[in-house]
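A.B. asks: Provided below: protein_0.cif, containing mmCIF, C-alpha atoms.
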data_target
loop_
_atom_site.group_PDB
_atom_site.id
_atom_site.type_symbol
_atom_site.label_atom_id
_atom_site.label_comp_id
_atom_site.auth_asym_id
_atom_site.auth_seq_id
_atom_site.Cartn_x
_atom_site.Cartn_y
_atom_site.Cartn_z
ATOM 1 C CA MET A 299 -26.100 15.013 12.975
ATOM 2 C CA ASN A 300 -24.319 11.796 12.017
ATOM 3 C CA ILE A 301 -20.512 12.088 12.014
ATOM 4 C CA LEU A 302 -17.972 9.611 10.610
ATOM 5 C CA GLY A 303 -14.198 9.742 10.910
ATOM 6 C CA ILE A 304 -12.745 7.207 8.483
ATOM 7 C CA ASP A 305 -9.078 6.280 8.086
ATOM 8 C CA ILE A 306 -8.652 4.033 5.034
ATOM 9 C CA GLY A 307 -5.103 2.802 5.459
ATOM 10 C CA TYR A 308 -2.986 0.380 3.472
ATOM 11 C CA SER A 309 -3.078 -2.104 6.364
ATOM 12 C CA ASN A 310 -6.217 -1.306 8.380
ATOM 13 C CA LEU A 311 -9.597 0.344 7.960
ATOM 14 C CA LYS A 312 -10.392 2.414 11.068
ATOM 15 C CA LEU A 313 -13.703 4.080 11.898
ATOM 16 C CA ALA A 314 -15.005 6.397 14.617
ATOM 17 C CA PHE A 315 -18.656 7.409 14.323
ATOM 18 C CA SER A 316 -21.698 8.561 16.248
ATOM 19 C CA LYS A 317 -24.465 11.107 16.345
ATOM 20 C CA SER A 318 -23.218 14.514 17.506
ATOM 21 C CA GLY A 319 -23.127 14.735 21.286
ATOM 22 C CA GLU A 320 -22.600 10.994 21.737
ATOM 23 C CA LYS A 321 -19.378 9.096 22.378
ATOM 24 C CA PRO A 322 -17.944 7.524 19.226
ATOM 25 C CA LYS A 323 -17.976 3.850 18.411
ATOM 26 C CA THR A 324 -14.711 2.586 16.914
ATOM 27 C CA ILE A 325 -14.141 -0.296 14.501
ATOM 28 C CA LEU A 326 -10.948 -1.752 13.038
ATOM 29 C CA ARG A 327 -10.864 -4.149 10.091
ATOM 30 C CA PRO A 328 -7.987 -5.343 7.894
ATOM 31 C CA ALA A 329 -7.656 -3.292 4.718
ATOM 32 C CA GLY A 330 -7.907 -6.139 2.224
ATOM 33 C CA ALA A 331 -10.466 -5.731 -0.577
ATOM 34 C CA ALA A 332 -10.814 -7.579 -3.888
ATOM 35 C CA PRO A 333 -13.487 -8.786 -6.305
ATOM 36 C CA ALA A 334 -15.662 -11.484 -4.723
ATOM 37 C CA ASP A 335 -14.656 -14.055 -7.342
ATOM 38 C CA ARG A 336 -11.036 -13.906 -6.090
ATOM 39 C CA PHE A 337 -11.975 -15.577 -2.792
ATOM 40 C CA GLY A 338 -12.335 -19.324 -2.266
ATOM 41 C CA ASN A 339 -14.868 -21.190 -0.153
ATOM 42 C CA ARG A 340 -14.267 -22.567 3.318
ATOM 43 C CA PHE A 341 -13.258 -26.230 3.350
ATOM 44 C CA ASP A 342 -16.163 -27.050 5.683
ATOM 45 C CA GLY A 343 -18.729 -25.369 3.444
ATOM 46 C CA LYS A 344 -19.695 -22.715 6.006
ATOM 47 C CA VAL A 345 -20.280 -19.070 5.090
ATOM 48 C CA GLN A 346 -17.323 -16.711 5.539
ATOM 49 C CA ALA A 347 -18.747 -14.740 8.461
ATOM 50 C CA ASP A 348 -16.006 -12.086 8.434
ATOM 51 C CA PHE A 349 -16.591 -11.075 4.796
ATOM 52 C CA LEU A 350 -18.221 -7.724 4.041
ATOM 53 C CA HIS A 351 -19.869 -7.771 0.615
ATOM 54 C CA VAL A 352 -20.084 -4.381 -1.118
ATOM 55 C CA LEU A 353 -20.518 -3.010 -4.607
ATOM 56 C CA VAL A 354 -17.971 -0.985 -6.562
ATOM 57 C CA GLY A 355 -19.989 0.132 -9.522
ATOM 58 C CA ASP A 356 -21.736 -3.059 -10.620
ATOM 59 C CA GLU A 357 -18.999 -5.397 -9.354
ATOM 60 C CA GLU A 358 -19.232 -7.280 -6.060
ATOM 61 C CA PHE A 359 -16.222 -6.906 -3.779
ATOM 62 C CA VAL A 360 -15.271 -8.490 -0.466
ATOM 63 C CA ALA A 361 -13.709 -5.941 1.891
ATOM 64 C CA GLY A 362 -12.307 -5.700 5.406
ATOM 65 C CA VAL A 363 -10.276 -8.917 5.310
ATOM 66 C CA SER A 364 -6.575 -9.707 5.334
ATOM 67 C CA PRO A 365 -5.067 -8.892 1.913
ATOM 68 C CA ASP A 366 -3.635 -12.401 1.549
ATOM 69 C CA ARG A 367 -7.121 -13.961 1.570
ATOM 70 C CA ALA A 368 -7.655 -13.015 -2.093
ATOM 71 C CA GLU A 369 -6.259 -15.135 -4.944
ATOM 72 C CA MET A 370 -4.666 -13.565 -8.026
ATOM 73 C CA TRP A 371 -4.987 -10.086 -6.536
ATOM 74 C CA THR A 372 -2.359 -7.732 -5.174
ATOM 75 C CA ARG A 373 -3.156 -4.910 -2.788
ATOM 76 C CA SER A 374 -2.374 -1.361 -3.844
ATOM 77 C CA LEU A 375 0.877 -0.021 -2.412
ATOM 78 C CA HIS A 376 1.216 3.177 -4.397
ATOM 79 C CA ALA A 377 0.309 6.868 -4.223
ATOM 80 C CA ASP A 378 -2.836 6.406 -6.356
ATOM 81 C CA TYR A 379 -4.373 4.122 -3.727
ATOM 82 C CA SER A 380 -7.327 6.470 -3.140
ATOM 83 C CA SER A 381 -8.415 6.054 -6.776
ATOM 84 C CA SER A 382 -8.228 2.243 -6.729
ATOM 85 C CA HIS A 383 -11.200 -0.133 -6.663
ATOM 86 C CA SER A 384 -9.921 -1.612 -3.392
ATOM 87 C CA TYR A 385 -9.984 1.812 -1.724
ATOM 88 C CA LYS A 386 -13.523 2.425 -2.967
ATOM 89 C CA ALA A 387 -14.581 -0.997 -1.680
ATOM 90 C CA LEU A 388 -13.125 -0.197 1.746
ATOM 91 C CA PHE A 389 -14.879 3.168 1.710
ATOM 92 C CA HIS A 390 -18.198 1.436 1.022
ATOM 93 C CA ALA A 391 -17.422 -1.102 3.749
ATOM 94 C CA GLY A 392 -16.812 1.783 6.172
ATOM 95 C CA LEU A 393 -20.136 3.364 5.250
ATOM 96 C CA LEU A 394 -21.862 0.021 5.779
ATOM 97 C CA LEU A 395 -20.201 -0.552 9.167
ATOM 98 C CA SER A 396 -21.311 2.882 10.384
ATOM 99 C CA GLU A 397 -24.907 1.587 10.383
ATOM 100 C CA MET A 398 -26.089 4.981 9.098
ATOM 101 C CA ASP A 399 -28.156 5.704 5.998
ATOM 102 C CA ARG A 400 -27.118 9.354 5.976
ATOM 103 C CA ILE A 401 -23.820 10.879 7.108
ATOM 104 C CA ASP A 402 -23.903 14.622 7.628
ATOM 105 C CA THR A 403 -20.152 15.092 8.023
ATOM 106 C CA LEU A 404 -17.364 12.727 6.975
ATOM 107 C CA VAL A 405 -13.730 13.536 7.750
ATOM 108 C CA THR A 406 -10.784 11.591 6.362
ATOM 109 C CA GLY A 407 -7.074 12.101 5.733
ATOM 110 C CA LEU A 408 -4.406 11.811 3.070
ATOM 111 C CA PRO A 409 -0.638 11.326 3.423
ATOM 112 C CA VAL A 410 1.001 14.738 3.680
ATOM 113 C CA SER A 411 2.608 14.611 0.230
ATOM 114 C CA GLN A 412 -0.773 13.768 -1.310
ATOM 115 C CA TYR A 413 -2.667 16.324 0.773
ATOM 116 C CA LEU A 414 -0.503 19.084 -0.685
ATOM 117 C CA ASP A 415 -1.839 18.152 -4.151
ATOM 118 C CA GLU A 416 -5.005 20.261 -4.380
ATOM 119 C CA ASN A 417 -6.364 18.273 -7.313
ATOM 120 C CA ARG A 418 -6.021 14.985 -5.447
ATOM 121 C CA LYS A 419 -7.941 16.444 -2.498
ATOM 122 C CA LYS A 420 -10.689 17.736 -4.789
ATOM 123 C CA VAL A 421 -11.044 14.360 -6.531
ATOM 124 C CA LEU A 422 -11.283 12.505 -3.208
ATOM 125 C CA ILE A 423 -13.968 14.868 -1.892
ATOM 126 C CA GLU A 424 -16.000 14.442 -5.077
ATOM 127 C CA GLN A 425 -15.518 10.676 -4.845
ATOM 128 C CA MET A 426 -16.821 10.474 -1.268
ATOM 129 C CA GLN A 427 -19.612 13.041 -1.438
ATOM 130 C CA GLY A 428 -23.089 12.051 -2.621
ATOM 131 C CA THR A 429 -25.205 8.904 -2.574
ATOM 132 C CA HIS A 430 -23.412 5.553 -2.748
ATOM 133 C CA GLN A 431 -24.969 2.212 -3.666
ATOM 134 C CA VAL A 432 -22.949 0.106 -1.231
ATOM 135 C CA THR A 433 -24.978 -3.115 -1.662
ATOM 136 C CA PRO A 434 -27.828 -4.016 -4.038
ATOM 137 C CA LYS A 435 -30.364 -3.050 -1.345
ATOM 138 C CA ARG A 436 -28.492 -0.319 0.573
ATOM 139 C CA ALA A 437 -27.701 3.256 -0.453
ATOM 140 C CA ILE A 438 -25.923 5.672 1.901
ATOM 141 C CA THR A 439 -25.683 9.433 1.440
ATOM 142 C CA VAL A 440 -22.681 11.530 2.489
ATOM 143 C CA GLU A 441 -23.531 15.233 2.678
ATOM 144 C CA ASN A 442 -20.214 16.939 3.494
ATOM 145 C CA VAL A 443 -16.606 15.745 3.242
ATOM 146 C CA LYS A 444 -13.489 17.249 4.828
ATOM 147 C CA VAL A 445 -9.967 16.038 3.952
ATOM 148 C CA VAL A 446 -7.030 16.832 6.262
ATOM 149 C CA PRO A 447 -3.346 15.820 6.480
ATOM 150 C CA GLN A 448 -3.292 12.340 7.993
ATOM 151 C CA PRO A 449 -1.365 13.119 11.220
ATOM 152 C CA ILE A 450 -3.728 15.953 12.206
ATOM 153 C CA GLY A 451 -6.279 13.388 13.361
ATOM 154 C CA GLY A 452 -3.781 11.902 15.782
ATOM 155 C CA LEU A 453 -2.902 15.319 17.190
ATOM 156 C CA LEU A 454 -6.570 16.141 17.828
ATOM 157 C CA ASP A 455 -6.996 12.780 19.540
ATOM 158 C CA TYR A 456 -3.997 13.431 21.801
ATOM 159 C CA ILE A 457 -5.277 16.906 22.731
ATOM 160 C CA ALA A 458 -8.692 15.471 23.609
ATOM 161 C CA GLN A 459 -7.282 12.594 25.666
ATOM 162 C CA GLU A 460 -4.847 14.697 27.676
ATOM 163 C CA ASP A 461 -6.779 17.991 27.621
ATOM 164 C CA ALA A 462 -3.492 19.381 26.329
ATOM 165 C CA ASP A 463 -2.881 23.073 25.728
ATOM 166 C CA ILE A 464 -0.714 23.584 22.611
ATOM 167 C CA GLU A 465 -1.698 27.235 22.032
ATOM 168 C CA ASP A 466 1.891 28.515 21.983
ATOM 169 C CA ALA A 467 3.694 25.207 21.418
ATOM 170 C CA ARG A 468 5.530 23.978 18.347
ATOM 171 C CA VAL A 469 4.432 20.371 17.887
ATOM 172 C CA LEU A 470 5.894 17.689 15.630
ATOM 173 C CA VAL A 471 3.340 14.963 14.860
ATOM 174 C CA ILE A 472 4.709 11.710 13.398
ATOM 175 C CA ASP A 473 2.324 9.124 11.958
ATOM 176 C CA PRO A 474 3.943 5.820 10.891
ATOM 177 C CA GLY A 475 1.538 3.950 8.621
ATOM 178 C CA PHE A 476 1.938 0.827 6.510
ATOM 179 C CA PHE A 477 2.753 2.604 3.224
ATOM 180 C CA SER A 478 4.220 5.878 4.470
ATOM 181 C CA VAL A 479 5.454 7.715 7.531
ATOM 182 C CA ASP A 480 3.924 11.197 7.582
ATOM 183 C CA TRP A 481 4.802 14.137 9.757
ATOM 184 C CA VAL A 482 3.545 17.668 10.259
ATOM 185 C CA VAL A 483 4.784 20.650 12.230
ATOM 186 C CA ILE A 484 2.123 22.727 13.973
ATOM 187 C CA ALA A 485 2.986 26.135 15.496
ATOM 188 C CA HIS A 486 0.351 28.491 16.908
ATOM 189 C CA LYS A 487 -2.143 26.004 15.421
ATOM 190 C CA ASP A 488 -0.809 26.704 11.891
ATOM 191 C CA LEU A 489 0.431 23.907 9.629
ATOM 192 C CA HIS A 490 4.011 24.506 8.464
ATOM 193 C CA ARG A 491 3.866 22.908 5.030
ATOM 194 C CA GLN A 492 7.546 23.259 4.177
ATOM 195 C CA SER A 493 8.566 21.355 7.326
ATOM 196 C CA SER A 494 5.985 18.586 6.863
ATOM 197 C CA GLY A 495 6.473 15.561 4.673
ATOM 198 C CA THR A 496 6.263 11.882 3.849
ATOM 199 C CA SER A 497 8.730 8.973 3.841
ATOM 200 C CA LEU A 498 8.029 5.629 2.183
ATOM 201 C CA ASN A 499 10.296 3.803 4.654
ATOM 202 C CA ALA A 500 7.218 2.823 6.615
ATOM 203 C CA SER A 501 5.839 -0.162 8.539
ATOM 204 C CA SER A 502 5.760 -2.305 5.396
ATOM 205 C CA VAL A 503 9.525 -1.835 5.060
ATOM 206 C CA VAL A 504 10.015 -2.831 8.714
ATOM 207 C CA LEU A 505 8.026 -6.032 8.114
ATOM 208 C CA GLU A 506 9.963 -6.787 4.924
ATOM 209 C CA GLU A 507 13.241 -6.424 6.818
ATOM 210 C CA ALA A 508 11.915 -8.609 9.662
ATOM 211 C CA SER A 509 10.965 -11.264 7.099
ATOM 212 C CA ARG A 510 14.488 -11.164 5.655
ATOM 213 C CA LEU A 511 16.011 -11.585 9.113
ATOM 214 C CA ILE A 512 13.725 -14.524 9.919
ATOM 215 C CA ALA A 513 14.712 -16.202 6.648
ATOM 216 C CA LYS A 514 18.393 -15.734 7.486
ATOM 217 C CA ASP A 515 18.011 -17.456 10.871
ATOM 218 C CA HIS A 516 15.342 -20.071 10.128
ATOM 219 C CA GLY A 517 15.740 -20.944 6.457
ATOM 220 C CA SER A 518 12.469 -19.542 5.120
ATOM 221 C CA ALA A 519 10.890 -16.108 4.872
ATOM 222 C CA VAL A 520 7.468 -15.216 6.259
ATOM 223 C CA ASN A 521 5.401 -12.949 4.043
ATOM 224 C CA THR A 522 4.541 -9.504 5.330
ATOM 225 C CA GLU A 523 0.818 -10.323 5.506
ATOM 226 C CA THR A 524 1.532 -13.151 7.958
ATOM 227 C CA LEU A 525 3.599 -10.820 10.135
ATOM 228 C CA GLU A 526 0.959 -8.111 9.805
ATOM 229 C CA ASN A 527 -1.833 -10.500 10.845
ATOM 230 C CA ALA A 528 0.157 -11.705 13.847
ATOM 231 C CA ILE A 529 0.736 -8.144 15.069
ATOM 232 C CA ARG A 530 -2.907 -7.153 14.446
ATOM 233 C CA SER A 531 -4.176 -10.113 16.469
ATOM 234 C CA GLY A 532 -1.621 -9.712 19.267
ATOM 235 C CA LYS A 533 0.239 -12.976 18.585
ATOM 236 C CA SER A 534 3.841 -13.158 19.758
ATOM 237 C CA THR A 535 4.991 -15.931 17.404
ATOM 238 C CA VAL A 536 4.734 -16.979 13.764
ATOM 239 C CA LEU A 537 5.023 -20.458 12.274
ATOM 240 C CA VAL A 538 8.162 -21.062 10.158
ATOM 241 C CA LEU A 539 8.655 -24.526 8.657
ATOM 242 C CA GLY A 540 6.610 -26.071 11.436
ATOM 243 C CA GLN A 541 8.315 -24.264 14.315
ATOM 244 C CA ARG A 542 7.120 -21.299 16.362
ATOM 245 C CA VAL A 543 9.416 -18.271 16.099
ATOM 246 C CA ASP A 544 9.296 -15.299 18.477
ATOM 247 C CA LEU A 545 8.419 -12.221 16.468
ATOM 248 C CA ALA A 546 9.505 -9.386 18.789
ATOM 249 C CA PRO A 547 13.312 -9.668 18.365
ATOM 250 C CA TYR A 548 13.030 -9.509 14.574
ATOM 251 C CA ILE A 549 10.630 -6.559 14.580
ATOM 252 C CA GLU A 550 12.904 -4.736 17.013
ATOM 253 C CA GLN A 551 16.010 -5.388 14.928
ATOM 254 C CA ALA A 552 14.231 -4.362 11.716
ATOM 255 C CA ALA A 553 12.951 -1.151 13.324
ATOM 256 C CA GLN A 554 16.496 -0.302 14.429
ATOM 257 C CA THR A 555 17.538 -0.471 10.763
ATOM 258 C CA VAL A 556 14.616 1.402 9.195
ATOM 259 C CA GLY A 557 13.792 3.924 11.929
ATOM 260 C CA PRO A 558 16.951 6.063 11.689
ATOM 261 C CA VAL A 559 16.454 6.451 7.921
ATOM 262 C CA VAL A 560 13.002 7.954 8.505
ATOM 263 C CA LEU A 561 14.213 10.201 11.322
ATOM 264 C CA GLU A 562 17.022 11.508 9.112
ATOM 265 C CA ALA A 563 14.391 12.684 6.609
ATOM 266 C CA ILE A 564 12.335 14.303 9.368
ATOM 267 C CA GLN A 565 15.365 16.120 10.799
ATOM 268 C CA LYS A 566 16.280 17.363 7.327
ATOM 269 C CA SER A 567 12.802 18.851 6.860
ATOM 270 C CA LEU A 568 13.057 20.644 10.217
ATOM 271 C CA ARG A 569 16.173 22.608 9.218
ATOM 272 C CA ILE A 570 14.098 25.546 7.972
ATOM 273 C CA GLU A 571 12.290 25.902 11.325
ATOM 274 C CA SER A 572 13.375 28.829 13.482
ATOM 275 C CA ARG A 573 13.484 26.574 16.546
ATOM 276 C CA MET A 574 13.067 22.953 17.531
ATOM 277 C CA PRO A 575 9.676 21.487 18.467
ATOM 278 C CA ASP A 576 8.500 21.598 22.067
ATOM 279 C CA LEU A 577 6.694 18.266 21.878
ATOM 280 C CA VAL A 578 6.614 15.161 19.666
ATOM 281 C CA VAL A 579 3.292 13.351 19.273
ATOM 282 C CA LEU A 580 3.692 9.843 17.837
ATOM 283 C CA VAL A 581 0.448 8.379 16.499
ATOM 284 C CA GLY A 582 -0.904 5.595 14.300
ATOM 285 C CA GLY A 583 -0.678 1.833 14.062
ATOM 286 C CA GLY A 584 3.081 1.780 13.455
ATOM 287 C CA ALA A 585 3.947 3.969 16.440
ATOM 288 C CA THR A 586 5.593 1.133 18.394
ATOM 289 C CA PHE A 587 7.923 0.305 15.475
ATOM 290 C CA PHE A 588 9.444 3.781 15.455
ATOM 291 C CA ARG A 589 9.224 4.913 19.076
ATOM 292 C CA ASP A 590 12.826 4.084 20.015
ATOM 293 C CA ALA A 591 14.211 5.881 16.947
ATOM 294 C CA VAL A 592 12.016 8.931 17.599
ATOM 295 C CA GLN A 593 12.972 9.104 21.287
ATOM 296 C CA SER A 594 16.654 8.639 20.488
ATOM 297 C CA THR A 595 16.604 11.397 17.859
ATOM 298 C CA PHE A 596 14.633 13.853 20.003
ATOM 299 C CA ASP A 597 16.196 12.814 23.297
ATOM 300 C CA LYS A 598 15.630 16.207 24.966
ATOM 301 C CA LEU A 599 11.917 16.315 24.085
ATOM 302 C CA ARG A 600 8.874 14.599 25.488
ATOM 303 C CA VAL A 601 7.522 11.975 23.078
ATOM 304 C CA VAL A 602 3.871 11.129 23.738
ATOM 305 C CA THR A 603 1.449 8.651 22.172
ATOM 306 C CA PRO A 604 -2.361 8.590 22.534
ATOM 307 C CA LYS A 605 -3.975 5.492 24.017
ATOM 308 C CA ASP A 606 -4.961 2.885 21.404
ATOM 309 C CA ALA A 607 -2.857 4.767 18.870
ATOM 310 C CA VAL A 608 -4.069 2.659 15.941
ATOM 311 C CA TYR A 609 -7.430 4.487 16.235
ATOM 312 C CA SER A 610 -5.947 7.931 16.861
ATOM 313 C CA ASN A 611 -6.419 9.386 13.374
ATOM 314 C CA ALA A 612 -9.997 8.112 13.011
ATOM 315 C CA ARG A 613 -10.935 9.447 16.455
ATOM 316 C CA GLY A 614 -9.341 12.783 15.624
ATOM 317 C CA PHE A 615 -11.211 12.962 12.328
ATOM 318 C CA TRP A 616 -14.441 12.304 14.245
ATOM 319 C CA LEU A 617 -13.562 15.092 16.706
ATOM 320 C CA MET A 618 -12.998 17.496 13.815
ATOM 321 C CA GLY A 619 -16.373 16.471 12.353
ATOM 322 C CA ASN A 620 -18.017 17.600 15.570
ATOM 323 C CA THR A 621 -16.624 21.129 15.141
ATOM 324 C CA LEU A 622 -17.640 21.672 11.509
#
Could you render the structure from this file as structure tokens?
C.D. replies:
Amino acid sequence: MNILGIDIGYSNLKLAFSKSGEKPKTILRPAGAAPADRFGNRFDGKVQADFLHVLVGDEEFVAGVSPDRAEMWTRSLHADYSSSHSYKALFHAGLLLSEMDRIDTLVTGLPVSQYLDENRKKVLIEQMQGTHQVTPKRAITVENVKVVPQPIGGLLDYIAQEDADIEDARVLVIDPGFFSVDWVVIAHKDLHRQSSGTSLNASSVVLEEASRLIAKDHGSAVNTETLENAIRSGKSTVLVLGQRVDLAPYIEQAAQTVGPVVLEAIQKSLRIESRMPDLVVLVGGGATFFRDAVQSTFDKLRVVTPKDAVYSNARGFWLMGNTL
């Protein structure tokens, strides 16, 4: 059986895939996708080697690149992202990168607030299931699709990494993404829907605040895509009016502003719980932005994060695919 865990985020496309019984291969690409005619040519005339060319219907898209590479195109930062052409292009790019012609089980996630909408789940399953013409010469078939709340993937990844026993534990899983911060409460392996939720004060808001702080100190803002690219590639500085500026202090200061707002919403949702969580699992690409706020809020609890947390949801989705 061929299994694919795919996490189509607002900032990154993450994949974990393999045949059943084998270790998964993981891939991360930026989550930019736009019609091919919105991209320019390299100044030296060479082919853009990092472009993935896919079809969305009859239209050619370039996917898996930084969102700021496209001209006259804005990435989707709204709740209907999964119905957008960019999302579909990234989905086709993920299928292409899996190097499989047939996928027996595909598992993906939705933000908690969207997952609770049964119609949205149904539409996404119908959208992903079936045969997809991803390029003019390549069709890929997806047999079965499972959609779960986004943070569940990260929890499964943590359990697998640590061989953790949560049988009788109450676990709070927090997943800071680019568009939203999602959280779920799991007790006796049941999802407590009323205590789970979504906040839009996510990583994008942290980057926007960092940009504002940089502009205040250095006279010019840096767009969020530039900050995003620097973090993705592990760079410690960004260029502002010809000078290198250390990024870490501004991200830290921005996170100190945004983080407590998110944690206030999480604490509010936990009021209906009969007792506090036993463990906090912090997952996802934005985990480092919010760790201090999470640890400060839940100072009596252990806060854990899986290794390579940016892949945690995709790896967890893949793990779930192996059990279906």
A.B. asks: Pick out the closest residue to A:Leu498 from this set: A:Val479, A:Val440, A:Ala519, A:Met618. Count all atoms listed in the file.
C.D. replies: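 Result for the nearest residue to A:Leu498: A:Val479.
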A.B. asks: Kindly indicate which residue among A:Phe359, A:Tyr308, A:Tyr456, A:Phe337 lies nearest to A:Tyr609, using all atoms listed in the file for the distances.
C.D. replies: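 Smallest distance to A:Tyr609 is found for A:Tyr456.
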A.B. asks: List the neighbours of A:Ile472 out to 12 Å using all atoms listed in the file; skip same-chain residues closer than 5 positions along the sequence, and give me the result as a VMD selection string.
C.D. replies: chain A and resid 409 to 410 447 to 453 478 to 484 494 to 497 500 560 to 561 563 to 565 577 to 586 588 to 589 591 to 593 601 to 604 607 610 to 611
A.B. asks: Please write as a compact mmCIF listing (two decimals) with C-alpha atoms, in the coordinates of the input the full residue list that the PyMOL selection byres ((chain A and resi 501) around 7) yields on this file.
C.D. replies:
# COMPACT_ATOMS: atom_id res chain seq x y z
CA PRO A 474 3.94 5.82 10.89
CA GLY A 475 1.54 3.95 8.62
CA PHE A 476 1.94 0.83 6.51
CA PHE A 477 2.75 2.60 3.22
CA ALA A 500 7.22 2.82 6.62
CA SER A 502 5.76 -2.31 5.40
CA VAL A 503 9.52 -1.84 5.06
CA VAL A 504 10.02 -2.83 8.71
CA LEU A 505 8.03 -6.03 8.11
CA GLY A 584 3.08 1.78 13.46
A.B. asks: Got a sec to resolve the PyMOL selection byres ((chain A and resi 401) around 6) on this structure and send the residues as a VMD selection string?
C.D. replies: chain A and resid 300 400 402 to 403 440
A.B. asks: Between A:Ala553, A:Ser384, A:Lys444, A:Lys598, which one has atoms that come closest to A:Asn499, using only C-alpha atoms?
C.D. replies: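 Of all the options, A:Ala553 lies closest to A:Asn499.
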A.B. asks: Set up a box along x, y and z of the file covering all listed atoms of stretch 326-341 of chain A, add 5 Å on every one of the six sides, and write the centre and edge lengths in Å to one decimal, as JSON.
C.D. replies:
{"center_x": -11.7, "center_y": -14.0, "center_z": 2.8, "size_x": 18.0, "size_y": 34.5, "size_z": 30.4}
A.B. asks: Any idea what's packed within 8 Å of stretch 322-336 of chain A, counting all atoms listed in the file, ignoring anything in its chain fewer than 5 positions away? Could you give it as number ranges by chain?
C.D. replies: A: 306-317, 351, 357-371, 373, 383-385, 387-388, 609, 613, 616
A.B. asks: Show which residues sit within 12 Å of A:Arg418, as a list in words. Count all atoms listed in the file, and ignore same-chain residues fewer than 3 positions away.
C.D. replies: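 The filter keeps Ala377, Asp378, Tyr379, Ser380, Ser381, Gly407, Leu408, Pro409, Val410, Ser411, Gln412, Tyr413, Leu414, Asp415, Val421, Leu422, Ile423, Glu424, Gln425, Val445 and Val446 of chain A.
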A.B. asks: Output the residue selection produced by the PyMOL selection byres ((chain A and resi 532-543) around 10) on the file above, formatted as a compact mmCIF listing (two decimals) with C-alpha atoms, in the coordinates of the input.
C.D. replies:
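Done, and the output landed in selection31.txt:
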# COMPACT_ATOMS: atom_id res chain seq x y z
CA ILE A 512 13.72 -14.52 9.92
CA ALA A 513 14.71 -16.20 6.65
CA HIS A 516 15.34 -20.07 10.13
CA GLY A 517 15.74 -20.94 6.46
CA SER A 518 12.47 -19.54 5.12
CA ALA A 519 10.89 -16.11 4.87
CA VAL A 520 7.47 -15.22 6.26
CA THR A 524 1.53 -13.15 7.96
CA LEU A 525 3.60 -10.82 10.14
CA GLU A 526 0.96 -8.11 9.80
CA ASN A 527 -1.83 -10.50 10.84
CA ALA A 528 0.16 -11.70 13.85
CA ILE A 529 0.74 -8.14 15.07
CA ARG A 530 -2.91 -7.15 14.45
CA SER A 531 -4.18 -10.11 16.47
CA ASP A 544 9.30 -15.30 18.48
CA LEU A 545 8.42 -12.22 16.47
CA ALA A 546 9.51 -9.39 18.79
CA PRO A 547 13.31 -9.67 18.36
CA TYR A 548 13.03 -9.51 14.57
A.B. asks: Here is a test: counting all atoms listed in the file, which residue of A:Asp590, A:Glu507, A:Asp606, A:Asp515 is nearest to A:Ala552?
C.D. replies: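 Using all atoms listed in the file, A:Ala552 sits closest to A:Glu507.
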A.B. asks: Point out the residue among A:Gly303, A:Gly319, A:Gly355, A:Pro575 with the least atom-to-atom distance to A:Ala467, counting only C-alpha atoms.
C.D. replies: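 Counting only C-alpha atoms, the residue closest to A:Ala467 is A:Pro575.
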A.B. asks: What does the structure give for the distance between atom CA of A:Val608 and atom CA of A:Ile304, in Å to one decimal?
C.D. replies: 12.3 Å
A.B. asks: Provide the atom CA of A:Gln551 to atom CA of A:Leu511 distance in Å, to one decimal place.
C.D. replies: 8.5 Å
A.B. asks: A:Ser493: which residues within 8 Å, counting all atoms listed in the file, same-chain residues fewer than 5 positions away excluded, as a list in words?
C.D. replies: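 Those residues are Val482, Val483, Ser567, Leu568, Arg569, Ile570 and Glu571 of chain A.
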A.B. asks: Mind pulling up the distance from atom CA of A:Leu353 to atom CA of A:Pro434?
C.D. replies: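 Atom-to-atom, atom CA of A:Pro434 and atom CA of A:Leu353 are spaced 7.4 Å apart.
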A.B. asks: Could you tell me which of A:Ser374, A:Ile301, A:Thr439, A:Glu550 comes closest to A:Gly619 if we count only C-alpha atoms?
C.D. replies: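 For A:Gly619, the nearest of the candidates is A:Ile301.
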